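**Student:** One file is attached below, run30.cif, containing mmCIF, C-alpha atoms.
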data_upload
loop_
_atom_site.label_atom_id
_atom_site.label_comp_id
_atom_site.auth_asym_id
_atom_site.auth_seq_id
_atom_site.Cartn_x
_atom_site.Cartn_y
_atom_site.Cartn_z
CA MET A 1 0.00 0.00 0.00
CA ILE A 2 1.28 3.44 -0.90
CA ALA A 3 2.21 5.36 2.26
CA GLY A 4 0.04 8.36 1.45
CA ASN A 5 -2.93 6.05 1.04
CA PHE A 6 -2.50 4.52 4.50
CA GLU A 7 -2.55 8.02 5.96
CA LEU A 8 -5.67 8.87 3.99
CA VAL A 9 -7.53 5.83 5.39
CA ALA A 10 -6.23 6.62 8.88
CA ARG A 11 -7.45 10.23 8.58
CA VAL A 12 -10.93 9.19 7.46
CA VAL A 13 -11.24 6.65 10.29
CA LYS A 14 -9.96 9.06 12.95
CA ALA A 15 -12.36 11.79 11.85
CA ARG A 16 -15.30 9.41 12.13
CA SER A 17 -14.45 7.44 15.27
CA GLY A 18 -11.40 8.95 16.99
CA LEU A 19 -9.61 5.63 16.41
CA VAL A 20 -5.89 6.20 15.92
CA LEU A 21 -4.23 3.96 13.31
CA THR A 22 -0.45 3.95 13.39
CA PRO A 23 1.53 2.59 10.40
CA ASP A 24 2.29 -0.64 12.32
CA LYS A 25 -1.43 -1.43 11.95
CA LEU A 26 -1.11 -2.02 8.20
CA TYR A 27 -1.61 -5.76 8.78
CA MET A 28 -4.92 -4.91 10.44
CA LEU A 29 -6.08 -2.98 7.39
CA GLU A 30 -5.17 -5.90 5.19
CA THR A 31 -7.02 -8.52 7.24
CA ARG A 32 -10.04 -6.52 8.33
CA LEU A 33 -10.72 -4.77 5.05
CA ALA A 34 -10.32 -7.85 2.82
CA PRO A 35 -14.04 -8.79 3.01
CA LEU A 36 -14.99 -5.20 2.21
CA LEU A 37 -12.69 -5.11 -0.82
CA ARG A 38 -14.31 -8.29 -2.14
CA ARG A 39 -17.81 -6.94 -1.54
CA GLU A 40 -17.01 -3.68 -3.32
CA GLY A 41 -15.11 -5.38 -6.13
CA LEU A 42 -11.95 -3.41 -5.36
CA PRO A 43 -8.64 -5.12 -6.25
CA THR A 44 -6.38 -3.46 -3.67
CA LEU A 45 -6.26 -1.20 -0.62
CA ASP A 46 -4.90 1.52 -2.91
CA ALA A 47 -8.05 1.25 -5.03
CA LEU A 48 -10.09 1.59 -1.86
CA ALA A 49 -8.09 4.66 -0.85
CA ALA A 50 -8.77 6.23 -4.26
CA ARG A 51 -12.51 5.74 -3.74
CA LEU A 52 -12.28 7.21 -0.22
CA ARG A 53 -10.44 10.25 -1.53
CA ASP A 54 -13.41 11.04 -3.75
CA ALA A 55 -15.99 10.39 -1.04
CA PRO A 56 -14.41 10.78 2.42
CA SER A 57 -17.74 10.88 4.25
CA GLY A 58 -19.99 8.48 2.33
CA PRO A 59 -21.19 4.94 3.10
CA LEU A 60 -17.81 3.49 2.11
CA ALA A 61 -16.04 5.57 4.77
CA GLU A 62 -18.62 4.34 7.24
CA ALA A 63 -18.05 0.69 6.30
CA VAL A 64 -14.26 1.10 6.53
CA THR A 65 -14.59 2.62 10.00
CA GLU A 66 -16.90 -0.17 11.18
CA ALA A 67 -14.50 -2.82 9.92
CA LEU A 68 -11.54 -1.26 11.73
CA THR A 69 -13.08 -0.67 15.15
CA THR A 70 -12.48 -3.48 17.60
CA ASN A 71 -15.55 -5.43 18.64
CA GLU A 72 -14.02 -7.88 21.04
CA THR A 73 -16.13 -8.45 24.12
CA SER A 74 -17.36 -11.20 26.40
CA PHE A 75 -19.92 -11.71 29.14
CA PHE A 76 -18.81 -10.36 32.55
CA ARG A 77 -15.51 -9.28 31.04
CA ASP A 78 -12.88 -8.75 33.78
CA GLY A 79 -15.35 -9.77 36.48
CA ALA A 80 -14.53 -7.08 39.04
CA PRO A 81 -16.73 -4.24 37.67
CA PHE A 82 -19.75 -6.53 37.74
CA GLU A 83 -19.04 -7.60 41.31
CA HIS A 84 -18.92 -3.91 42.22
CA LEU A 85 -22.15 -3.25 40.30
CA ARG A 86 -23.89 -5.99 42.30
CA GLY A 87 -23.31 -3.91 45.44
CA LEU A 88 -23.89 -0.56 43.77
CA LEU A 89 -27.32 -1.15 42.22
CA PRO A 90 -29.15 -1.83 45.52
CA ALA A 91 -27.48 1.27 47.05
CA LEU A 92 -28.58 3.43 44.10
CA ALA A 93 -32.07 1.90 44.27
CA ALA A 94 -32.30 2.82 47.96
CA ALA A 95 -31.24 6.39 47.16
CA ARG A 96 -33.98 6.84 44.55
CA PRO A 97 -37.69 7.49 45.11
CA PRO A 98 -40.13 4.61 44.52
CA GLY A 99 -40.91 4.18 40.87
CA ALA A 100 -37.56 5.59 39.77
CA VAL A 101 -35.76 3.89 36.92
CA LEU A 102 -32.03 3.13 37.21
CA ARG A 103 -30.38 3.91 33.90
CA VAL A 104 -27.25 2.04 32.81
CA TRP A 105 -25.26 2.90 29.69
CA SER A 106 -23.00 0.43 27.92
CA ALA A 107 -20.94 2.76 25.71
CA ALA A 108 -19.34 1.04 22.71
CA CYS A 109 -21.44 -2.01 23.51
CA SER A 110 -20.40 -4.11 20.50
CA THR A 111 -22.53 -7.28 20.30
CA GLY A 112 -24.22 -6.62 23.65
CA GLN A 113 -22.51 -8.99 26.10
CA GLU A 114 -21.78 -6.16 28.57
CA ALA A 115 -25.36 -4.83 28.45
CA TYR A 116 -26.81 -8.30 28.97
CA SER A 117 -24.36 -9.01 31.80
CA VAL A 118 -25.80 -5.94 33.56
CA ALA A 119 -29.32 -7.24 32.85
CA MET A 120 -28.44 -10.61 34.40
CA ILE A 121 -27.20 -8.93 37.56
CA ALA A 122 -30.31 -6.76 37.78
CA GLU A 123 -32.51 -9.81 37.34
CA GLU A 124 -30.55 -11.79 39.94
CA LEU A 125 -30.78 -8.92 42.45
CA GLY A 126 -34.58 -9.01 42.10
CA PRO A 127 -36.18 -7.79 45.35
CA GLU A 128 -32.93 -6.11 46.46
CA LEU A 129 -33.75 -3.37 43.96
CA ALA A 130 -36.93 -2.60 45.91
CA GLY A 131 -39.05 -2.41 42.79
CA ARG A 132 -36.79 0.05 40.96
CA LYS A 133 -36.59 -0.91 37.32
CA VAL A 134 -33.32 -1.07 35.45
CA GLU A 135 -33.07 0.25 31.92
CA ILE A 136 -29.94 -0.47 29.91
CA LEU A 137 -28.88 1.46 26.85
CA GLY A 138 -26.18 0.02 24.60
CA THR A 139 -24.62 2.30 21.99
CA ASP A 140 -22.05 1.63 19.32
CA ILE A 141 -20.78 3.22 16.15
CA ALA A 142 -21.09 -0.02 14.18
CA GLN A 143 -24.48 -0.99 12.78
CA GLU A 144 -23.66 -4.66 12.28
CA VAL A 145 -22.78 -5.37 15.93
CA LEU A 146 -25.86 -3.46 17.09
CA ALA A 147 -28.10 -5.67 14.97
CA ARG A 148 -26.56 -8.68 16.68
CA ALA A 149 -26.94 -7.10 20.11
CA ARG A 150 -30.64 -6.49 19.48
CA GLU A 151 -31.12 -10.10 18.42
CA GLY A 152 -29.55 -11.29 21.66
CA LEU A 153 -28.58 -14.52 19.90
CA PHE A 154 -25.15 -15.90 20.72
CA THR A 155 -23.04 -18.79 19.48
CA GLN A 156 -22.03 -21.74 21.60
CA PHE A 157 -18.52 -20.28 21.60
CA GLU A 158 -19.68 -16.88 22.86
CA VAL A 159 -21.82 -18.20 25.71
CA GLN A 160 -18.88 -20.19 27.02
CA ARG A 161 -16.79 -17.06 27.56
CA GLY A 162 -17.33 -15.48 30.97
CA LEU A 163 -20.66 -17.16 31.73
CA SER A 164 -21.12 -19.84 34.35
CA ILE A 165 -23.24 -22.80 33.25
CA GLN A 166 -25.77 -21.84 35.93
CA ARG A 167 -26.18 -18.40 34.37
CA LEU A 168 -26.44 -19.89 30.89
CA VAL A 169 -29.34 -22.16 31.81
CA ARG A 170 -31.03 -19.46 33.88
CA HIS A 171 -30.83 -16.54 31.47
CA PHE A 172 -30.79 -18.08 27.97
CA ARG A 173 -33.07 -20.16 25.76
CA GLN A 174 -31.59 -22.63 23.32
CA GLU A 175 -32.47 -22.13 19.66
CA ALA A 176 -31.10 -24.53 17.06
CA GLY A 177 -27.59 -24.73 18.43
CA ARG A 178 -27.45 -21.11 19.49
CA TRP A 179 -28.50 -19.35 22.67
CA ARG A 180 -30.91 -16.43 22.95
CA VAL A 181 -31.05 -14.08 25.91
CA ALA A 182 -34.31 -14.53 27.86
CA PRO A 183 -37.13 -12.13 26.93
CA GLU A 184 -37.22 -10.44 30.37
CA LEU A 185 -33.55 -9.51 29.97
CA ARG A 186 -33.97 -8.33 26.40
CA ALA A 187 -36.86 -6.15 27.58
CA MET A 188 -34.42 -4.29 29.87
CA ALA A 189 -31.96 -3.47 27.08
CA ARG A 190 -32.19 -1.13 24.12
CA PHE A 191 -29.53 -0.60 21.48
CA LEU A 192 -28.91 2.59 19.59
CA ARG A 193 -26.37 3.73 17.06
CA TRP A 194 -24.38 6.58 18.55
CA ASN A 195 -20.91 7.96 17.94
CA LEU A 196 -19.06 8.87 21.15
CA LEU A 197 -17.55 11.84 19.31
CA ASP A 198 -21.03 13.31 18.76
CA ASP A 199 -23.11 15.32 21.22
CA LEU A 200 -23.98 12.90 24.04
CA ARG A 201 -26.55 15.10 25.78
CA PRO A 202 -29.58 13.66 23.94
CA LEU A 203 -28.84 10.32 25.64
CA GLY A 204 -29.77 11.81 29.02
CA ARG A 205 -28.28 11.05 32.43
CA PHE A 206 -27.13 7.65 33.67
CA ASP A 207 -26.71 6.14 37.12
CA VAL A 208 -24.06 3.76 35.84
CA ILE A 209 -21.85 4.02 32.76
CA PHE A 210 -19.63 1.34 31.31
CA CYS A 211 -17.09 2.81 28.90
CA ARG A 212 -14.41 0.16 28.83
CA ASN A 213 -11.59 -0.42 26.40
CA VAL A 214 -12.66 2.50 24.24
CA LEU A 215 -10.30 5.25 25.40
CA ILE A 216 -7.23 3.08 24.77
CA TYR A 217 -7.80 3.48 21.02
CA LEU A 218 -7.97 7.29 21.11
CA ASP A 219 -5.27 9.95 21.12
CA PRO A 220 -4.92 12.05 24.32
CA PRO A 221 -6.96 15.11 23.19
CA THR A 222 -9.83 12.89 21.97
CA LYS A 223 -9.62 10.80 25.16
CA ALA A 224 -9.97 13.92 27.29
CA ARG A 225 -12.86 15.21 25.23
CA VAL A 226 -14.81 11.92 25.27
CA LEU A 227 -14.16 11.39 28.98
CA ALA A 228 -15.42 14.88 29.84
CA ALA A 229 -18.56 14.38 27.75
CA VAL A 230 -19.20 10.96 29.30
CA ALA A 231 -18.66 12.31 32.84
CA GLU A 232 -21.26 14.97 32.10
CA ARG A 233 -23.81 12.17 31.51
CA LEU A 234 -23.20 10.67 34.97
CA ALA A 235 -25.63 11.15 37.87
CA ASP A 236 -24.15 12.93 40.90
CA ASP A 237 -23.90 9.66 42.83
CA GLY A 238 -23.33 7.46 39.78
CA VAL A 239 -20.34 5.32 38.86
CA LEU A 240 -18.32 5.11 35.64
CA TYR A 241 -16.42 1.93 34.87
CA LEU A 242 -13.36 2.12 32.65
CA GLY A 243 -11.25 -0.72 31.24
CA GLY A 244 -8.44 -2.32 33.21
CA ALA A 245 -5.73 -0.48 31.27
CA GLU A 246 -7.49 2.90 31.33
CA THR A 247 -7.24 5.82 33.73
CA VAL A 248 -8.54 9.37 34.14
CA LEU A 249 -5.14 10.60 35.30
CA GLY A 250 -4.04 13.62 33.35
CA LEU A 251 -7.24 13.59 31.28
CA THR A 252 -9.87 15.12 33.53
CA ASP A 253 -10.30 16.37 37.08
CA ARG A 254 -14.05 15.76 36.90
CA LEU A 255 -13.72 12.14 37.95
CA VAL A 256 -12.12 10.56 41.01
CA PRO A 257 -11.37 6.86 41.61
CA VAL A 258 -13.83 5.02 43.84
CA SER A 259 -11.66 3.72 46.68
CA GLY A 260 -11.23 -0.02 46.76
CA ALA A 261 -12.79 -0.56 43.34
CA ARG A 262 -10.33 -0.75 40.47
CA GLY A 263 -11.61 0.84 37.27
CA ALA A 264 -14.56 2.56 39.01
CA TYR A 265 -14.82 6.36 38.98
CA ALA A 266 -17.27 8.88 40.41
CA LEU A 267 -17.82 12.62 40.39
CA PRO A 268 -16.03 14.44 43.21
CA ARG A 269 -18.39 15.12 46.09
CA VAL A 270 -19.36 18.76 46.12
CA ALA A 271 -19.83 18.92 49.90
CA ALA A 272 -17.36 21.78 50.22
CA LEU A 273 -19.52 23.92 47.94
CA ALA A 274 -22.79 23.04 49.58
CA VAL A 275 -22.36 25.39 52.54
CA MET B 276 4.75 -38.01 47.09
CA ALA B 277 8.25 -36.58 46.83
CA ALA B 278 7.48 -34.87 43.54
CA PRO B 279 6.96 -31.10 43.72
CA GLN B 280 3.27 -30.41 44.24
CA PRO B 281 1.80 -27.94 41.74
CA SER B 282 -0.31 -25.46 43.67
CA LEU B 283 -3.45 -26.20 41.67
CA GLY B 284 -3.61 -29.89 42.49
CA THR B 285 -4.59 -32.83 40.31
CA CYS B 286 -7.11 -32.85 37.48
CA LEU B 287 -8.29 -36.20 36.18
CA VAL B 288 -9.07 -36.05 32.46
CA VAL B 289 -11.66 -38.65 31.49
CA ASP B 290 -12.21 -39.12 27.76
CA ASP B 291 -12.15 -42.13 25.46
CA SER B 292 -10.30 -40.08 22.83
CA GLY B 293 -6.55 -39.96 23.33
CA VAL B 294 -6.40 -36.86 21.15
CA VAL B 295 -8.80 -34.97 23.44
CA ARG B 296 -6.98 -36.21 26.55
CA ARG B 297 -3.65 -34.98 25.22
CA ALA B 298 -5.06 -31.58 24.22
CA ALA B 299 -6.72 -31.14 27.61
CA ARG B 300 -3.57 -32.31 29.40
CA ARG B 301 -1.47 -29.70 27.62
CA MET B 302 -3.90 -26.89 28.51
CA LEU B 303 -4.28 -27.99 32.13
CA GLU B 304 -0.54 -28.44 32.65
CA ASN B 305 0.01 -24.93 31.27
CA HIS B 306 -2.18 -23.67 34.09
CA GLY B 307 -0.24 -25.64 36.70
CA PHE B 308 -2.42 -28.70 37.21
CA LEU B 309 -1.00 -32.15 37.68
CA VAL B 310 -2.86 -34.30 35.14
CA GLN B 311 -4.02 -37.90 35.31
CA GLU B 312 -5.91 -39.65 32.54
CA ALA B 313 -8.70 -42.21 32.35
CA ALA B 314 -10.39 -43.61 29.23
CA ASN B 315 -13.84 -44.26 30.75
CA GLY B 316 -15.92 -43.85 33.88
CA ALA B 317 -14.83 -47.13 35.44
CA GLU B 318 -11.14 -46.24 35.15
CA ALA B 319 -11.96 -42.80 36.52
CA LEU B 320 -13.75 -44.23 39.54
CA ALA B 321 -10.80 -46.52 40.27
CA ALA B 322 -8.44 -43.55 40.02
CA CYS B 323 -10.63 -41.54 42.43
CA ARG B 324 -10.64 -44.39 44.93
CA ALA B 325 -6.85 -44.60 44.78
CA SER B 326 -6.48 -40.86 45.29
CA LEU B 327 -9.24 -38.27 45.06
CA PRO B 328 -8.28 -35.54 42.52
CA ARG B 329 -9.22 -31.92 43.04
CA ALA B 330 -11.03 -31.78 39.70
CA VAL B 331 -12.39 -34.06 36.98
CA LEU B 332 -12.76 -33.00 33.35
CA LEU B 333 -15.40 -35.47 32.23
CA ASP B 334 -16.58 -36.63 28.80
CA TRP B 335 -20.15 -37.95 28.64
CA ASN B 336 -20.28 -40.66 25.97
CA MET B 337 -17.70 -43.36 26.64
CA PRO B 338 -17.63 -47.16 26.54
CA VAL B 339 -17.75 -49.33 29.71
CA MET B 340 -19.09 -46.57 31.99
CA ASP B 341 -20.28 -43.21 30.69
CA GLY B 342 -19.65 -39.83 32.27
CA LEU B 343 -23.03 -39.46 33.94
CA ALA B 344 -22.83 -42.91 35.52
CA PHE B 345 -19.39 -41.96 36.85
CA LEU B 346 -20.70 -38.64 38.14
CA ARG B 347 -23.59 -40.25 40.04
CA ALA B 348 -21.31 -42.92 41.50
CA ALA B 349 -18.72 -40.31 42.52
CA ARG B 350 -21.32 -38.09 44.18
CA ALA B 351 -22.75 -41.07 46.09
CA GLU B 352 -19.30 -42.14 47.23
CA PHE B 353 -17.40 -38.87 47.77
CA GLY B 354 -20.13 -36.30 48.42
CA PRO B 355 -21.43 -33.23 46.58
CA ASP B 356 -18.37 -30.95 46.53
CA ARG B 357 -15.34 -33.10 45.84
CA PRO B 358 -14.03 -33.63 43.29
CA VAL B 359 -15.14 -30.59 41.30
CA VAL B 360 -16.60 -32.03 38.09
CA VAL B 361 -16.54 -30.17 34.78
CA LEU B 362 -18.39 -31.97 31.99
CA CYS B 363 -16.66 -31.68 28.62
CA THR B 364 -18.83 -33.16 25.90
CA THR B 365 -20.43 -32.78 22.49
CA GLU B 366 -23.81 -33.12 24.26
CA SER B 367 -25.03 -29.53 24.06
CA ASP B 368 -28.79 -29.84 24.42
CA LEU B 369 -30.22 -27.82 27.30
CA SER B 370 -31.96 -30.92 28.69
CA ARG B 371 -28.62 -32.75 28.86
CA ILE B 372 -26.96 -29.82 30.61
CA LEU B 373 -29.74 -29.71 33.20
CA GLU B 374 -29.40 -33.48 33.68
CA ALA B 375 -25.67 -33.13 34.41
CA LEU B 376 -26.23 -30.24 36.80
CA ALA B 377 -28.92 -32.20 38.64
CA ALA B 378 -26.45 -35.10 38.94
CA GLY B 379 -23.97 -32.76 40.64
CA ALA B 380 -21.69 -31.33 37.95
CA GLN B 381 -20.22 -27.92 38.82
CA GLU B 382 -19.45 -26.73 35.29
CA TYR B 383 -20.07 -27.73 31.70
CA VAL B 384 -17.95 -27.31 28.58
CA MET B 385 -19.60 -27.89 25.21
CA LYS B 386 -17.21 -29.29 22.60
CA PRO B 387 -15.53 -28.09 20.53
CA PHE B 388 -13.60 -26.09 23.07
CA ASP B 389 -10.36 -24.15 23.04
CA GLU B 390 -7.91 -22.91 25.62
CA ALA B 391 -9.88 -19.71 26.32
CA ILE B 392 -13.14 -21.57 26.96
CA LEU B 393 -11.48 -24.13 29.20
CA ARG B 394 -9.72 -21.41 31.19
CA ASP B 395 -12.97 -19.45 31.62
CA LYS B 396 -14.82 -22.54 32.79
CA LEU B 397 -12.07 -23.45 35.26
CA VAL B 398 -12.40 -19.91 36.65
CA GLN B 399 -16.18 -20.28 36.90
CA ALA B 400 -15.73 -23.56 38.75
CA GLY B 401 -13.38 -21.86 41.22
CA LEU B 402 -10.45 -24.01 40.10
CA LEU B 403 -8.42 -21.10 38.71
CA PRO B 404 -8.08 -17.57 40.08
CA ARG B 405 -9.68 -14.90 37.92
CA GLY B 406 -6.94 -13.03 36.08
CA GLU B 407 -7.34 -9.52 34.75
CA GLU B 408 -7.30 -9.38 30.96
#
Translate this structure into C-alpha cells?
**Tutor:**
Amino acid sequence: MIAGNFELVARVVKARSGLVLTPDKLYMLETRLAPLLRREGLPTLDALAARLRDAPSGPLAEAVTEALTTNETSFFRDGAPFEHLRGLLPALAAARPPGAVLRVWSAACSTGQEAYSVAMIAEELGPELAGRKVEILGTDIAQEVLARAREGLFTQFEVQRGLSIQRLVRHFRQEAGRWRVAPELRAMARFLRWNLLDDLRPLGRFDVIFCRNVLIYLDPPTKARVLAAVAERLADDGVLYLGGAETVLGLTDRLVPVSGARGAYALPRVAALAV
Amino acid sequence: MAAPQPSLGTCLVVDDSGVVRRAARRMLENHGFLVQEAANGAEALAACRASLPRAVLLDWNMPVMDGLAFLRAARAEFGPDRPVVVLCTTESDLSRILEALAAGAQEYVMKPFDEAILRDKLVQAGLLPRGEE
C-alpha cells in the first residue's frame, strides 16, 4: 500500500471514530478490510483509498470505520466491575424514590454482552432493587454489531466465555444450536447507534456508565474530550467503569477513583460547595 | 509423594479419545495442574478411589461406563463438593446440561472447546483464580 494512502484511510477513520491507526497497523487494514474489498469489487487497498479520496464521508467511509473498530467483548468481562455493580445497584435503588428507573449505559457495547451481563445482575438482584426498574442502553458506532446485540442470539462459543453454566441455563433459551437471551432480559436493554464523538446530551443522564476499552484506542486530546462528555452524563452519585488499562489521570479532574474498586470512577463530592 | 506439588492440584481427564486427553492435558498443565488420565468412567472411579483428585474433566459418551454414571457414582461415594466435576462433551442440548447439573456437575464445557473456553470454565468452577485481561 502506498504510504500516502495509508494516511488517507487513517485520517478518514480518525475523523469518524477517533480511532488512531499507526503505520504498524497495516496488517490490520489488510485482514479486516479484505471482506470489504471483495464486496465492493476493489482489487487493492490503494483502489479503496482512491474511492475514499473522492468520497471521504460516504457509506464506504462508514463501512471502513466499522471494519476497523475493535468489537471484542465477552460476558462479565474482567469480572470485578460486575461484582462492584452488584453492590452498587441496591445502594442506588435505595437512594432513589419509589418508581424511579435506574439507567445504565453500555458505551461502545459491540454485540451486547456487557449490556446483557448488567441485565443478568439486575434480574438476579430481584427484590434487592426494591421495585426500581433497570433500563440499559447500549450504543455503538457499528451498525452490524448493534443488529446482533438487538437479536440477543449468541453462538455456543460466545456463551462459554465469561458465563457460568448456571447463568447460561437461567438466562438463555436454546435455539437450534445457538442461545438467545431470555425475553425479560432483552426487555431491559435497548440498542442505539451513537458515535461517542457526537453530542452525548440527547442520551440523558445515567446512574451507571460502562465505557471500557474505548479510550485506549484514542489519542490524548480525543480521550480527554470523550471522557469529559461521558462524565457529564453521569448522575451525581453514579459510577463510571473504565477498562483495566485505562485511567482518568491527566485527562480530567471531573472524575475521582472510587476507593477499593479498580476501574470505578465517580464525580467528586461537592460537599465543600454546599455550605 | 516426593514430587513437587503444583499449587493447583490434580485434574483427572476422562475421555475415550486420546487426542482430546492430550489436548486437555497440555492446557491444564500450562495452568499448573497435575494431570491424570482415564479412558472411561470405570477407570476414573478406580483412580478416584486410589487418590481423590481436586477436579475431573469429564466426557459424557464413553464405553464401559459413561460420564453421567461416573458422576452419580462419585457423588454417592465422595459427596457433593469433591471432586469438582466439569463436563466436557459434544452433548449440548439444554436438557442434557440440566441433567448433568442435577447429577452434581459444577461446570459444563460444550465441545468443541479451546484454551480460552477451558480457562474461563475453570475460573467459573473456582479451580483457577480470575486473572485480569
**Student:** If we count only C-alpha atoms and set the cut-off at 9 Å, which residues sit around stretch 243-248 of chain A, ignoring sequence neighbours fewer than 6 positions away in its own chain? Please answer as a ChimeraX atom specification.
**Tutor:** /A:78,210-216,224,227,254-257,262-263,265 /B:407-408
**Student:** To one decimal place in Å, what is the distance between atom CA of A:Leu92 and atom CA of A:Glu184?
**Tutor:**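 These two atoms are separated by 21.3 Å.
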**Student:** Counting all atoms listed in the file, which residues of stretch 351-376 of chain B fall within 6 Å of stretch 319-340 of chain B, and what is the closest atom pair for each with its distance in Å at one decimal, ordered by chain and rising number, as JSON lines?
**Tutor:**
{"residue": "B:Pro358", "atom": "CA", "partner": "B:Ala330", "partner_atom": "CA", "distance": 5.0}
{"residue": "B:Val359", "atom": "CA", "partner": "B:Ala330", "partner_atom": "CA", "distance": 4.6}
{"residue": "B:Val360", "atom": "CA", "partner": "B:Val331", "partner_atom": "CA", "distance": 4.8}
{"residue": "B:Val361", "atom": "CA", "partner": "B:Leu332", "partner_atom": "CA", "distance": 4.9}
{"residue": "B:Leu362", "atom": "CA", "partner": "B:Leu333", "partner_atom": "CA", "distance": 4.6}
{"residue": "B:Cys363", "atom": "CA", "partner": "B:Asp334", "partner_atom": "CA", "distance": 5.0}
{"residue": "B:Thr364", "atom": "CA", "partner": "B:Asp334", "partner_atom": "CA", "distance": 5.1}
**Student:** How far is it from atom CA of A:Arg51 to atom CA of A:Glu30, in Å with one decimal?
**Tutor:**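 About the pair atom CA of A:Arg51 and atom CA of A:Glu30: they are 16.4 Å apart.
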**Student:** Taking a cut-off of 12 Å and counting all atoms listed in the file, can you build a table that, for each residue of chain B near chain A, reports the nearest atom pair and how far apart they are in Å (one decimal), sorted by chain then residue number, as JSON lines?
**Tutor:**
{"residue": "B:Val361", "atom": "CA", "partner": "A:Ile165", "partner_atom": "CA", "distance": 10.1}
{"residue": "B:Leu362", "atom": "CA", "partner": "A:Ile165", "partner_atom": "CA", "distance": 10.4}
{"residue": "B:Cys363", "atom": "CA", "partner": "A:Gln160", "partner_atom": "CA", "distance": 11.8}
{"residue": "B:Thr365", "atom": "CA", "partner": "A:Gln156", "partner_atom": "CA", "distance": 11.2}
{"residue": "B:Glu366", "atom": "CA", "partner": "A:Gly177", "partner_atom": "CA", "distance": 10.9}
{"residue": "B:Ser367", "atom": "CA", "partner": "A:Gly177", "partner_atom": "CA", "distance": 7.8}
{"residue": "B:Asp368", "atom": "CA", "partner": "A:Gln174", "partner_atom": "CA", "distance": 7.8}
{"residue": "B:Leu369", "atom": "CA", "partner": "A:Gln174", "partner_atom": "CA", "distance": 6.7}
{"residue": "B:Ser370", "atom": "CA", "partner": "A:Val169", "partner_atom": "CA", "distance": 9.7}
{"residue": "B:Arg371", "atom": "CA", "partner": "A:Val169", "partner_atom": "CA", "distance": 11.0}
{"residue": "B:Ile372", "atom": "CA", "partner": "A:Val169", "partner_atom": "CA", "distance": 8.1}
{"residue": "B:Leu373", "atom": "CA", "partner": "A:Val169", "partner_atom": "CA", "distance": 7.7}
{"residue": "B:Glu374", "atom": "CA", "partner": "A:Val169", "partner_atom": "CA", "distance": 11.5}
{"residue": "B:Ala375", "atom": "CA", "partner": "A:Ile165", "partner_atom": "CA", "distance": 10.7}
{"residue": "B:Leu376", "atom": "CA", "partner": "A:Gln166", "partner_atom": "CA", "distance": 8.5}
{"residue": "B:Ala377", "atom": "CA", "partner": "A:Gln166", "partner_atom": "CA", "distance": 11.2}
{"residue": "B:Ala380", "atom": "CA", "partner": "A:Ile165", "partner_atom": "CA", "distance": 9.9}
{"residue": "B:Gln381", "atom": "CA", "partner": "A:Ile165", "partner_atom": "CA", "distance": 8.1}
{"residue": "B:Glu382", "atom": "CA", "partner": "A:Ile165", "partner_atom": "CA", "distance": 5.8}
{"residue": "B:Tyr383", "atom": "CA", "partner": "A:Ile165", "partner_atom": "CA", "distance": 6.1}
{"residue": "B:Val384", "atom": "CA", "partner": "A:Gln160", "partner_atom": "CA", "distance": 7.3}
{"residue": "B:Met385", "atom": "CA", "partner": "A:Gln156", "partner_atom": "CA", "distance": 7.5}
{"residue": "B:Lys386", "atom": "CA", "partner": "A:Gln156", "partner_atom": "CA", "distance": 9.0}
{"residue": "B:Pro387", "atom": "CA", "partner": "A:Phe157", "partner_atom": "CA", "distance": 8.4}
{"residue": "B:Phe388", "atom": "CA", "partner": "A:Phe157", "partner_atom": "CA", "distance": 7.8}
{"residue": "B:Asp389", "atom": "CA", "partner": "A:Phe157", "partner_atom": "CA", "distance": 9.1}
{"residue": "B:Glu390", "atom": "CA", "partner": "A:Arg161", "partner_atom": "CA", "distance": 10.8}
{"residue": "B:Ala391", "atom": "CA", "partner": "A:Arg161", "partner_atom": "CA", "distance": 7.5}
{"residue": "B:Ile392", "atom": "CA", "partner": "A:Arg161", "partner_atom": "CA", "distance": 5.8}
{"residue": "B:Leu393", "atom": "CA", "partner": "A:Gln160", "partner_atom": "CA", "distance": 8.7}
{"residue": "B:Arg394", "atom": "CA", "partner": "A:Arg161", "partner_atom": "CA", "distance": 9.1}
{"residue": "B:Asp395", "atom": "CA", "partner": "A:Gly162", "partner_atom": "CA", "distance": 5.9}
{"residue": "B:Lys396", "atom": "CA", "partner": "A:Ser164", "partner_atom": "CA", "distance": 7.0}
{"residue": "B:Leu397", "atom": "CA", "partner": "A:Ser164", "partner_atom": "CA", "distance": 9.8}
{"residue": "B:Val398", "atom": "CA", "partner": "A:Gly162", "partner_atom": "CA", "distance": 8.7}
{"residue": "B:Gln399", "atom": "CA", "partner": "A:Ser164", "partner_atom": "CA", "distance": 5.6}
{"residue": "B:Ala400", "atom": "CA", "partner": "A:Ser164", "partner_atom": "CA", "distance": 7.9}
{"residue": "B:Gly401", "atom": "CA", "partner": "A:Ser164", "partner_atom": "CA", "distance": 10.5}
{"residue": "B:Pro404", "atom": "CA", "partner": "A:Gly79", "partner_atom": "CA", "distance": 11.3}
{"residue": "B:Arg405", "atom": "CA", "partner": "A:Gly79", "partner_atom": "CA", "distance": 7.8}
{"residue": "B:Gly406", "atom": "CA", "partner": "A:Asp78", "partner_atom": "CA", "distance": 7.7}
{"residue": "B:Glu407", "atom": "CA", "partner": "A:Asp78", "partner_atom": "CA", "distance": 5.7}
{"residue": "B:Glu408", "atom": "CA", "partner": "A:Asp78", "partner_atom": "CA", "distance": 6.3}
